[in-house]
file work.cif (mmCIF, C-alpha atoms)
data_structure
loop_
_atom_site.label_atom_id
_atom_site.label_comp_id
_atom_site.auth_asym_id
_atom_site.auth_seq_id
_atom_site.Cartn_x
_atom_site.Cartn_y
_atom_site.Cartn_z
CA MET A 1 0.00 0.00 0.00
CA SER A 2 1.23 3.46 -0.86
CA GLU A 3 0.93 5.73 2.15
CA ASN A 4 1.88 9.08 0.72
CA VAL A 5 -0.20 11.94 -0.54
CA LYS A 6 -0.14 12.31 -4.29
CA VAL A 7 -0.81 15.49 -6.21
CA VAL A 8 -2.36 15.04 -9.61
CA VAL A 9 -3.34 17.62 -12.21
CA ARG A 10 -6.05 16.94 -14.75
CA PHE A 11 -6.74 19.30 -17.64
CA ARG A 12 -10.26 18.91 -18.93
CA PRO A 13 -10.93 18.73 -22.66
CA PHE A 14 -11.59 22.05 -24.37
CA ASN A 15 -15.26 23.03 -24.43
CA LYS A 16 -17.01 24.19 -27.60
CA LYS A 17 -16.29 27.88 -26.98
CA GLU A 18 -12.58 27.17 -26.47
CA LYS A 19 -12.41 25.03 -29.61
CA ASP A 20 -14.25 27.65 -31.66
CA SER A 21 -11.83 30.37 -30.54
CA ASP A 22 -8.86 28.13 -31.41
CA SER A 23 -7.54 28.16 -27.83
CA LYS A 24 -4.09 26.73 -27.16
CA SER A 25 -3.03 24.54 -24.26
CA ILE A 26 0.12 24.96 -22.19
CA ASN A 27 2.98 22.47 -22.63
CA ILE A 28 2.16 19.30 -20.70
CA ASP A 29 4.46 16.28 -20.44
CA THR A 30 2.14 13.55 -19.19
CA ASN A 31 4.94 10.96 -19.13
CA ARG A 32 7.06 12.92 -16.65
CA GLY A 33 4.30 14.73 -14.76
CA VAL A 34 5.61 18.13 -15.84
CA ILE A 35 3.78 21.33 -16.76
CA ASP A 36 5.74 24.11 -18.45
CA ILE A 37 4.29 27.61 -18.50
CA VAL A 38 6.09 30.00 -20.80
CA ALA A 39 5.40 33.66 -20.12
CA PRO A 40 7.04 36.75 -21.64
CA ASP A 41 8.79 37.65 -18.39
CA LYS A 42 9.50 34.24 -16.86
CA ASN A 43 9.19 30.52 -17.50
CA HIS A 44 7.75 28.22 -14.85
CA GLN A 45 7.94 24.46 -14.51
CA PHE A 46 5.75 22.46 -12.13
CA ILE A 47 6.23 18.76 -11.36
CA PHE A 48 3.42 16.51 -10.09
CA ASP A 49 2.92 12.82 -9.38
CA ASN A 50 0.68 12.59 -12.45
CA VAL A 51 -0.48 15.01 -15.11
CA PHE A 52 -3.40 14.23 -17.40
CA ASP A 53 -4.14 16.27 -20.50
CA GLY A 54 -7.51 16.89 -22.12
CA ASN A 55 -7.25 13.69 -24.16
CA THR A 56 -6.96 11.43 -21.10
CA THR A 57 -10.02 9.22 -20.66
CA GLN A 58 -12.08 9.15 -17.49
CA GLU A 59 -11.18 5.47 -17.08
CA ILE A 60 -7.43 6.22 -17.10
CA VAL A 61 -7.91 9.00 -14.54
CA PHE A 62 -9.93 6.70 -12.27
CA ASN A 63 -7.49 3.81 -12.56
CA SER A 64 -4.52 6.08 -11.82
CA VAL A 65 -6.04 8.20 -9.07
CA ALA A 66 -8.86 6.39 -7.30
CA LYS A 67 -8.84 2.65 -7.96
CA ASN A 68 -6.25 1.85 -5.28
CA ALA A 69 -7.95 4.20 -2.81
CA VAL A 70 -11.20 2.24 -3.18
CA GLU A 71 -9.37 -1.05 -2.66
CA TRP A 72 -7.74 0.34 0.50
CA VAL A 73 -11.17 1.33 1.84
CA VAL A 74 -12.35 -2.27 1.45
CA GLU A 75 -9.27 -3.33 3.42
CA GLY A 76 -10.34 -1.03 6.25
CA TYR A 77 -8.25 2.09 5.63
CA ASN A 78 -9.55 5.63 5.34
CA SER A 79 -9.13 7.25 1.97
CA THR A 80 -9.70 10.73 0.57
CA ILE A 81 -9.87 12.11 -2.94
CA PHE A 82 -9.79 15.88 -2.90
CA SER A 83 -10.69 17.95 -5.96
CA TYR A 84 -9.61 21.58 -6.09
CA GLY A 85 -9.60 24.24 -8.76
CA ASN A 86 -11.12 27.37 -10.22
CA THR A 87 -14.71 27.49 -11.39
CA GLY A 88 -14.85 25.94 -14.85
CA SER A 89 -11.55 24.08 -14.50
CA GLY A 90 -13.08 20.60 -14.80
CA LYS A 91 -13.62 19.41 -11.23
CA SER A 92 -17.22 18.34 -11.85
CA PHE A 93 -16.32 16.67 -15.13
CA THR A 94 -13.51 14.71 -13.44
CA MET A 95 -15.51 13.80 -10.35
CA PHE A 96 -18.98 13.19 -11.82
CA GLY A 97 -18.51 12.85 -15.54
CA HIS A 98 -20.42 14.27 -18.46
CA GLU A 99 -24.10 15.12 -18.17
CA ASN A 100 -25.04 12.88 -21.11
CA GLY A 101 -24.50 9.91 -18.79
CA SER A 102 -22.46 7.80 -21.19
CA LYS A 103 -20.51 5.00 -19.51
CA GLU A 104 -17.19 6.16 -20.98
CA LEU A 105 -17.58 9.68 -19.57
CA ARG A 106 -18.52 8.66 -16.01
CA GLY A 107 -16.25 10.34 -13.48
CA ILE A 108 -14.41 9.22 -10.37
CA ILE A 109 -17.45 9.15 -8.03
CA PRO A 110 -19.70 6.78 -10.01
CA ARG A 111 -16.72 4.59 -10.89
CA ALA A 112 -15.62 4.51 -7.23
CA CYS A 113 -19.11 3.45 -6.11
CA ASP A 114 -19.18 0.64 -8.68
CA SER A 115 -15.67 -0.45 -7.74
CA LEU A 116 -16.44 -0.35 -4.01
CA PHE A 117 -19.40 -2.71 -4.30
CA GLU A 118 -17.58 -4.98 -6.77
CA ASN A 119 -14.69 -5.30 -4.28
CA ILE A 120 -17.08 -6.06 -1.44
CA LYS A 121 -18.79 -8.80 -3.50
CA LYS A 122 -15.41 -10.47 -4.09
CA ARG A 123 -14.66 -10.64 -0.36
CA GLN A 124 -16.23 -13.79 1.02
CA ASP A 125 -14.15 -13.75 4.23
CA VAL A 126 -15.89 -10.72 5.74
CA LEU A 127 -19.46 -11.03 6.95
CA GLU A 128 -20.38 -7.38 7.21
CA TYR A 129 -19.26 -4.00 5.90
CA SER A 130 -20.22 -0.59 7.18
CA ILE A 131 -19.80 2.16 4.63
CA LYS A 132 -19.69 5.83 5.56
CA CYS A 133 -19.24 8.55 3.01
CA SER A 134 -18.78 12.31 3.22
CA PHE A 135 -19.41 14.51 0.26
CA LEU A 136 -18.52 18.13 0.97
CA GLU A 137 -18.26 21.32 -0.99
CA ILE A 138 -16.05 24.13 0.22
CA TYR A 139 -16.92 27.34 -1.59
CA ARG A 140 -15.94 30.82 -0.47
CA GLU A 141 -14.90 29.47 2.92
CA HIS A 142 -18.32 27.86 3.54
CA ILE A 143 -18.58 24.09 3.96
CA ARG A 144 -21.73 22.41 2.65
CA ASP A 145 -22.64 18.75 3.14
CA LEU A 146 -23.85 17.70 -0.30
CA LEU A 147 -25.49 14.55 1.08
CA SER A 148 -27.67 16.49 3.51
CA GLN A 149 -31.34 17.10 2.83
CA GLU A 150 -30.65 20.80 3.45
CA ALA A 151 -28.15 20.89 0.55
CA GLU A 152 -30.93 20.74 -2.04
#
call {"tool": "encode", "arguments": {"input": "work.cif", "output": "structure tokens"}}
result
Amino acid sequence: MSENVKVVVRFRPFNKKEKDSDSKSINIDTNRGVIDIVAPDKNHQFIFDNVFDGNTTQEIVFNSVAKNAVEWVVEGYNSTIFSYGNTGSGKSFTMFGHENGSKELRGIIPRACDSLFENIKKRQDVLEYSIKCSFLEIYREHIRDLLSQEAE
């Protein structure tokens, strides 16, 4: 089991407006986990555990980021997947998937739920599981429980 925190960056695919305006992406080296930002006054390089570009499938993101975390939960360990970014940066797309509901575009949360119950089914040596889940939104320094009836 890997016990360290990993920092992963995922760039969502361009939306229609960005494609229509012929937007350009920054230089991303997904093999090395490197992001290069070239600016007129200074160049910046950032290194992460994983970097996924806009062409990376939801399945690859899940398998790289969350699959092991789900397996650890079934083994009895706590696990957290934390999504952070600006509005419109792709957090919802990565975590939930695309609104059209296609299986290929499902995000981390629906895939994690499926994987959790598949892992539990495989375990014949444990008689009972208790599953607790928190689903929080932190926005403008306010915490909201998204599973609460009051969140609607």
call {"tool": "closest_residue", "arguments": {"input": "work.cif", "among": "A:Asn119, A:Arg144, A:Pro13, A:Glu137", "to": "Val73 (chain A)", "atoms": "all atoms listed in the file"}}
result
A:Asn119
call {"tool": "atom_distance", "arguments": {"input": "work.cif", "atom1": "CA of Glu75 (chain A)", "atom2": "CA of Arg123 (chain A)"}}
result
9.8 Å
call {"tool": "resolve_selection", "arguments": {"input": "work.cif", "expression": "the PyMOL selection byres ((chain A and resi 95-100) around 10)", "output": "ChimeraX atom specification"}}
result
/A:58,61-62,81-83,90-94,101-112
call {"tool": "closest_residue", "arguments": {"input": "work.cif", "among": "A:Asn63, A:Arg32, A:Asn55, A:Tyr84", "to": "Ile138 (chain A)", "atoms": "all atoms listed in the file"}}
result
A:Tyr84
call {"tool": "closest_residue", "arguments": {"input": "work.cif", "among": "A:Val51, A:Leu146, A:Val74, A:Val8", "to": "Ile131 (chain A)", "atoms": "only C-alpha atoms"}}
result
A:Val74
call {"tool": "atom_distance", "arguments": {"input": "work.cif", "atom1": "CA of Asp114 (chain A)", "atom2": "CA of Asn68 (chain A)"}}
result
13.4 Å
call {"tool": "atom_distance", "arguments": {"input": "work.cif", "atom1": "CA of Asn50 (chain A)", "atom2": "CA of Gly33 (chain A)"}}
result
4.8 Å
call {"tool": "closest_residue", "arguments": {"input": "work.cif", "among": "A:Gly88, A:Ser79, A:Ile37, A:Ile28", "to": "Asn15 (chain A)", "atoms": "all atoms listed in the file"}}
result
A:Gly88
call {"tool": "closest_residue", "arguments": {"input": "work.cif", "among": "A:Asp49, A:Gly54, A:Ser130, A:Gly76", "to": "Val7 (chain A)", "atoms": "only C-alpha atoms"}}
result
A:Asp49
call {"tool": "resolve_selection", "arguments": {"input": "work.cif", "expression": "the PyMOL selection byres ((chain A and resi 35) around 12)", "output": "number ranges by chain"}}
result
A: 8-11, 25-34, 36-38, 43-53
call {"tool": "closest_residue", "arguments": {"input": "work.cif", "among": "A:Asp145, A:Phe14, A:Val126, A:Arg140", "to": "Asn86 (chain A)", "atoms": "only C-alpha atoms"}}
result
A:Arg140
call {"tool": "axis_aligned_box", "arguments": {"input": "work.cif", "around": "region 41-48 of chain A", "padding_each_side": "4 Å", "output": "JSON"}}
result
{"center_x": 6.5, "center_y": 27.1, "center_z": -14.2, "size_x": 14.1, "size_y": 29.1, "size_z": 16.3}
call {"tool": "residues_around", "arguments": {"input": "work.cif", "residues": "Ser148 (chain A)", "least_positions_apart": "6", "cutoff": "12 Å", "atoms": "all atoms listed in the file", "output": "list in words"}}
result
Cys133, Ser134, Phe135, Leu136 and Glu137 of chain A
call {"tool": "decode", "arguments": {"input": "work.cif", "residues": "region 21-37 of chain A", "atoms": "all heavy atoms", "output": "PDB file, in the first residue's frame"}}
result
ATOM      1  N   SER A  21     -12.740  29.216 -30.568  1.00  0.00           N
ATOM      2  CA  SER A  21     -11.834  30.367 -30.536  1.00  0.00           C
ATOM      3  C   SER A  21     -10.383  29.946 -30.758  1.00  0.00           C
ATOM      4  O   SER A  21      -9.472  30.751 -30.606  1.00  0.00           O
ATOM      5  CB  SER A  21     -11.965  31.119 -29.209  1.00  0.00           C
ATOM      6  OG  SER A  21     -11.494  30.320 -28.149  1.00  0.00           O
ATOM      7  N   ASP A  22     -10.187  28.679 -31.116  1.00  0.00           N
ATOM      8  CA  ASP A  22      -8.858  28.135 -31.412  1.00  0.00           C
ATOM      9  C   ASP A  22      -7.886  28.329 -30.245  1.00  0.00           C
ATOM     10  O   ASP A  22      -6.741  28.720 -30.425  1.00  0.00           O
ATOM     11  CB  ASP A  22      -8.298  28.762 -32.690  1.00  0.00           C
ATOM     12  CG  ASP A  22      -7.175  27.925 -33.296  1.00  0.00           C
ATOM     13  OD1 ASP A  22      -7.215  26.681 -33.150  1.00  0.00           O
ATOM     14  OD2 ASP A  22      -6.255  28.505 -33.903  1.00  0.00           O
ATOM     15  N   SER A  23      -8.379  28.032 -29.027  1.00  0.00           N
ATOM     16  CA  SER A  23      -7.542  28.158 -27.827  1.00  0.00           C
ATOM     17  C   SER A  23      -6.376  27.191 -27.885  1.00  0.00           C
ATOM     18  O   SER A  23      -6.459  26.128 -28.489  1.00  0.00           O
ATOM     19  CB  SER A  23      -8.376  27.881 -26.579  1.00  0.00           C
ATOM     20  OG  SER A  23      -9.374  28.846 -26.424  1.00  0.00           O
ATOM     21  N   LYS A  24      -5.298  27.565 -27.221  1.00  0.00           N
ATOM     22  CA  LYS A  24      -4.094  26.727 -27.160  1.00  0.00           C
ATOM     23  C   LYS A  24      -3.872  26.273 -25.731  1.00  0.00           C
ATOM     24  O   LYS A  24      -4.139  27.002 -24.782  1.00  0.00           O
ATOM     25  CB  LYS A  24      -2.858  27.507 -27.641  1.00  0.00           C
ATOM     26  CG  LYS A  24      -2.979  28.061 -29.031  1.00  0.00           C
ATOM     27  CD  LYS A  24      -2.949  26.971 -30.069  1.00  0.00           C
ATOM     28  CE  LYS A  24      -2.998  27.586 -31.456  1.00  0.00           C
ATOM     29  NZ  LYS A  24      -3.921  26.937 -32.327  1.00  0.00           N
ATOM     30  N   SER A  25      -3.333  25.078 -25.572  1.00  0.00           N
ATOM     31  CA  SER A  25      -3.025  24.540 -24.255  1.00  0.00           C
ATOM     32  C   SER A  25      -1.571  24.848 -23.903  1.00  0.00           C
ATOM     33  O   SER A  25      -0.743  25.092 -24.783  1.00  0.00           O
ATOM     34  CB  SER A  25      -3.248  23.029 -24.256  1.00  0.00           C
ATOM     35  OG  SER A  25      -2.965  22.494 -22.992  1.00  0.00           O
ATOM     36  N   ILE A  26      -1.267  24.826 -22.619  1.00  0.00           N
ATOM     37  CA  ILE A  26       0.124  24.962 -22.194  1.00  0.00           C
ATOM     38  C   ILE A  26       0.854  23.651 -22.470  1.00  0.00           C
ATOM     39  O   ILE A  26       0.236  22.627 -22.759  1.00  0.00           O
ATOM     40  CB  ILE A  26       0.209  25.339 -20.698  1.00  0.00           C
ATOM     41  CG1 ILE A  26      -0.456  24.273 -19.834  1.00  0.00           C
ATOM     42  CG2 ILE A  26      -0.376  26.703 -20.445  1.00  0.00           C
ATOM     43  CD1 ILE A  26      -0.295  24.515 -18.352  1.00  0.00           C
ATOM     44  N   ASN A  27       2.165  23.655 -22.372  1.00  0.00           N
ATOM     45  CA  ASN A  27       2.980  22.468 -22.635  1.00  0.00           C
ATOM     46  C   ASN A  27       2.871  21.502 -21.456  1.00  0.00           C
ATOM     47  O   ASN A  27       3.236  21.834 -20.334  1.00  0.00           O
ATOM     48  CB  ASN A  27       4.438  22.871 -22.871  1.00  0.00           C
ATOM     49  CG  ASN A  27       5.300  21.693 -23.240  1.00  0.00           C
ATOM     50  OD1 ASN A  27       4.799  20.659 -23.663  1.00  0.00           O
ATOM     51  ND2 ASN A  27       6.598  21.843 -23.069  1.00  0.00           N
ATOM     52  N   ILE A  28       2.362  20.305 -21.730  1.00  0.00           N
ATOM     53  CA  ILE A  28       2.159  19.295 -20.696  1.00  0.00           C
ATOM     54  C   ILE A  28       2.907  18.031 -21.091  1.00  0.00           C
ATOM     55  O   ILE A  28       2.712  17.508 -22.178  1.00  0.00           O
ATOM     56  CB  ILE A  28       0.659  18.956 -20.546  1.00  0.00           C
ATOM     57  CG1 ILE A  28      -0.156  20.209 -20.243  1.00  0.00           C
ATOM     58  CG2 ILE A  28       0.448  17.893 -19.484  1.00  0.00           C
ATOM     59  CD1 ILE A  28      -1.643  20.005 -20.409  1.00  0.00           C
ATOM     60  N   ASP A  29       3.772  17.554 -20.226  1.00  0.00           N
ATOM     61  CA  ASP A  29       4.463  16.284 -20.440  1.00  0.00           C
ATOM     62  C   ASP A  29       3.838  15.263 -19.504  1.00  0.00           C
ATOM     63  O   ASP A  29       4.189  15.161 -18.331  1.00  0.00           O
ATOM     64  CB  ASP A  29       5.960  16.434 -20.160  1.00  0.00           C
ATOM     65  CG  ASP A  29       6.755  15.168 -20.488  1.00  0.00           C
ATOM     66  OD1 ASP A  29       6.138  14.086 -20.605  1.00  0.00           O
ATOM     67  OD2 ASP A  29       7.979  15.266 -20.610  1.00  0.00           O
ATOM     68  N   THR A  30       2.871  14.505 -20.028  1.00  0.00           N
ATOM     69  CA  THR A  30       2.143  13.553 -19.189  1.00  0.00           C
ATOM     70  C   THR A  30       3.013  12.376 -18.762  1.00  0.00           C
ATOM     71  O   THR A  30       2.739  11.753 -17.749  1.00  0.00           O
ATOM     72  CB  THR A  30       0.886  13.029 -19.912  1.00  0.00           C
ATOM     73  OG1 THR A  30       1.275  12.442 -21.151  1.00  0.00           O
ATOM     74  CG2 THR A  30      -0.107  14.144 -20.161  1.00  0.00           C
ATOM     75  N   ASN A  31       4.065  12.076 -19.497  1.00  0.00           N
ATOM     76  CA  ASN A  31       4.943  10.959 -19.125  1.00  0.00           C
ATOM     77  C   ASN A  31       5.797  11.274 -17.903  1.00  0.00           C
ATOM     78  O   ASN A  31       6.107  10.400 -17.113  1.00  0.00           O
ATOM     79  CB  ASN A  31       5.852  10.563 -20.295  1.00  0.00           C
ATOM     80  CG  ASN A  31       5.060   9.985 -21.441  1.00  0.00           C
ATOM     81  OD1 ASN A  31       4.086   9.264 -21.247  1.00  0.00           O
ATOM     82  ND2 ASN A  31       5.457  10.327 -22.657  1.00  0.00           N
ATOM     83  N   ARG A  32       6.198  12.526 -17.771  1.00  0.00           N
ATOM     84  CA  ARG A  32       7.064  12.915 -16.653  1.00  0.00           C
ATOM     85  C   ARG A  32       6.321  13.663 -15.560  1.00  0.00           C
ATOM     86  O   ARG A  32       6.886  13.981 -14.530  1.00  0.00           O
ATOM     87  CB  ARG A  32       8.213  13.802 -17.154  1.00  0.00           C
ATOM     88  CG  ARG A  32       9.186  13.103 -18.066  1.00  0.00           C
ATOM     89  CD  ARG A  32      10.371  13.984 -18.435  1.00  0.00           C
ATOM     90  NE  ARG A  32       9.974  15.345 -18.791  1.00  0.00           N
ATOM     91  CZ  ARG A  32      10.579  16.440 -18.331  1.00  0.00           C
ATOM     92  NH1 ARG A  32      11.587  16.363 -17.523  1.00  0.00           N
ATOM     93  NH2 ARG A  32      10.173  17.630 -18.707  1.00  0.00           N
ATOM     94  N   GLY A  33       5.045  13.971 -15.759  1.00  0.00           N
ATOM     95  CA  GLY A  33       4.302  14.726 -14.755  1.00  0.00           C
ATOM     96  C   GLY A  33       4.729  16.174 -14.671  1.00  0.00           C
ATOM     97  O   GLY A  33       4.752  16.761 -13.599  1.00  0.00           O
ATOM     98  N   VAL A  34       5.052  16.772 -15.818  1.00  0.00           N
ATOM     99  CA  VAL A  34       5.605  18.130 -15.839  1.00  0.00           C
ATOM    100  C   VAL A  34       4.678  19.064 -16.617  1.00  0.00           C
ATOM    101  O   VAL A  34       4.153  18.707 -17.661  1.00  0.00           O
ATOM    102  CB  VAL A  34       7.010  18.135 -16.488  1.00  0.00           C
ATOM    103  CG1 VAL A  34       7.542  19.549 -16.633  1.00  0.00           C
ATOM    104  CG2 VAL A  34       7.973  17.284 -15.687  1.00  0.00           C
ATOM    105  N   ILE A  35       4.524  20.268 -16.079  1.00  0.00           N
ATOM    106  CA  ILE A  35       3.785  21.329 -16.756  1.00  0.00           C
ATOM    107  C   ILE A  35       4.744  22.499 -16.927  1.00  0.00           C
ATOM    108  O   ILE A  35       5.333  22.970 -15.958  1.00  0.00           O
ATOM    109  CB  ILE A  35       2.564  21.783 -15.941  1.00  0.00           C
ATOM    110  CG1 ILE A  35       1.602  20.619 -15.725  1.00  0.00           C
ATOM    111  CG2 ILE A  35       1.861  22.943 -16.625  1.00  0.00           C
ATOM    112  CD1 ILE A  35       0.484  20.939 -14.770  1.00  0.00           C
ATOM    113  N   ASP A  36       4.913  22.948 -18.169  1.00  0.00           N
ATOM    114  CA  ASP A  36       5.741  24.114 -18.454  1.00  0.00           C
ATOM    115  C   ASP A  36       4.833  25.275 -18.831  1.00  0.00           C
ATOM    116  O   ASP A  36       3.985  25.146 -19.707  1.00  0.00           O
ATOM    117  CB  ASP A  36       6.682  23.844 -19.637  1.00  0.00           C
ATOM    118  CG  ASP A  36       7.787  22.872 -19.285  1.00  0.00           C
ATOM    119  OD1 ASP A  36       8.369  23.022 -18.196  1.00  0.00           O
ATOM    120  OD2 ASP A  36       8.055  21.962 -20.089  1.00  0.00           O
ATOM    121  N   ILE A  37       5.026  26.402 -18.160  1.00  0.00           N
ATOM    122  CA  ILE A  37       4.290  27.614 -18.502  1.00  0.00           C
ATOM    123  C   ILE A  37       5.318  28.633 -18.963  1.00  0.00           C
ATOM    124  O   ILE A  37       6.225  29.009 -18.211  1.00  0.00           O
ATOM    125  CB  ILE A  37       3.488  28.143 -17.298  1.00  0.00           C
ATOM    126  CG1 ILE A  37       2.472  27.078 -16.850  1.00  0.00           C
ATOM    127  CG2 ILE A  37       2.800  29.457 -17.659  1.00  0.00           C
ATOM    128  CD1 ILE A  37       1.696  27.444 -15.626  1.00  0.00           C
TER     129      ILE A  37
END
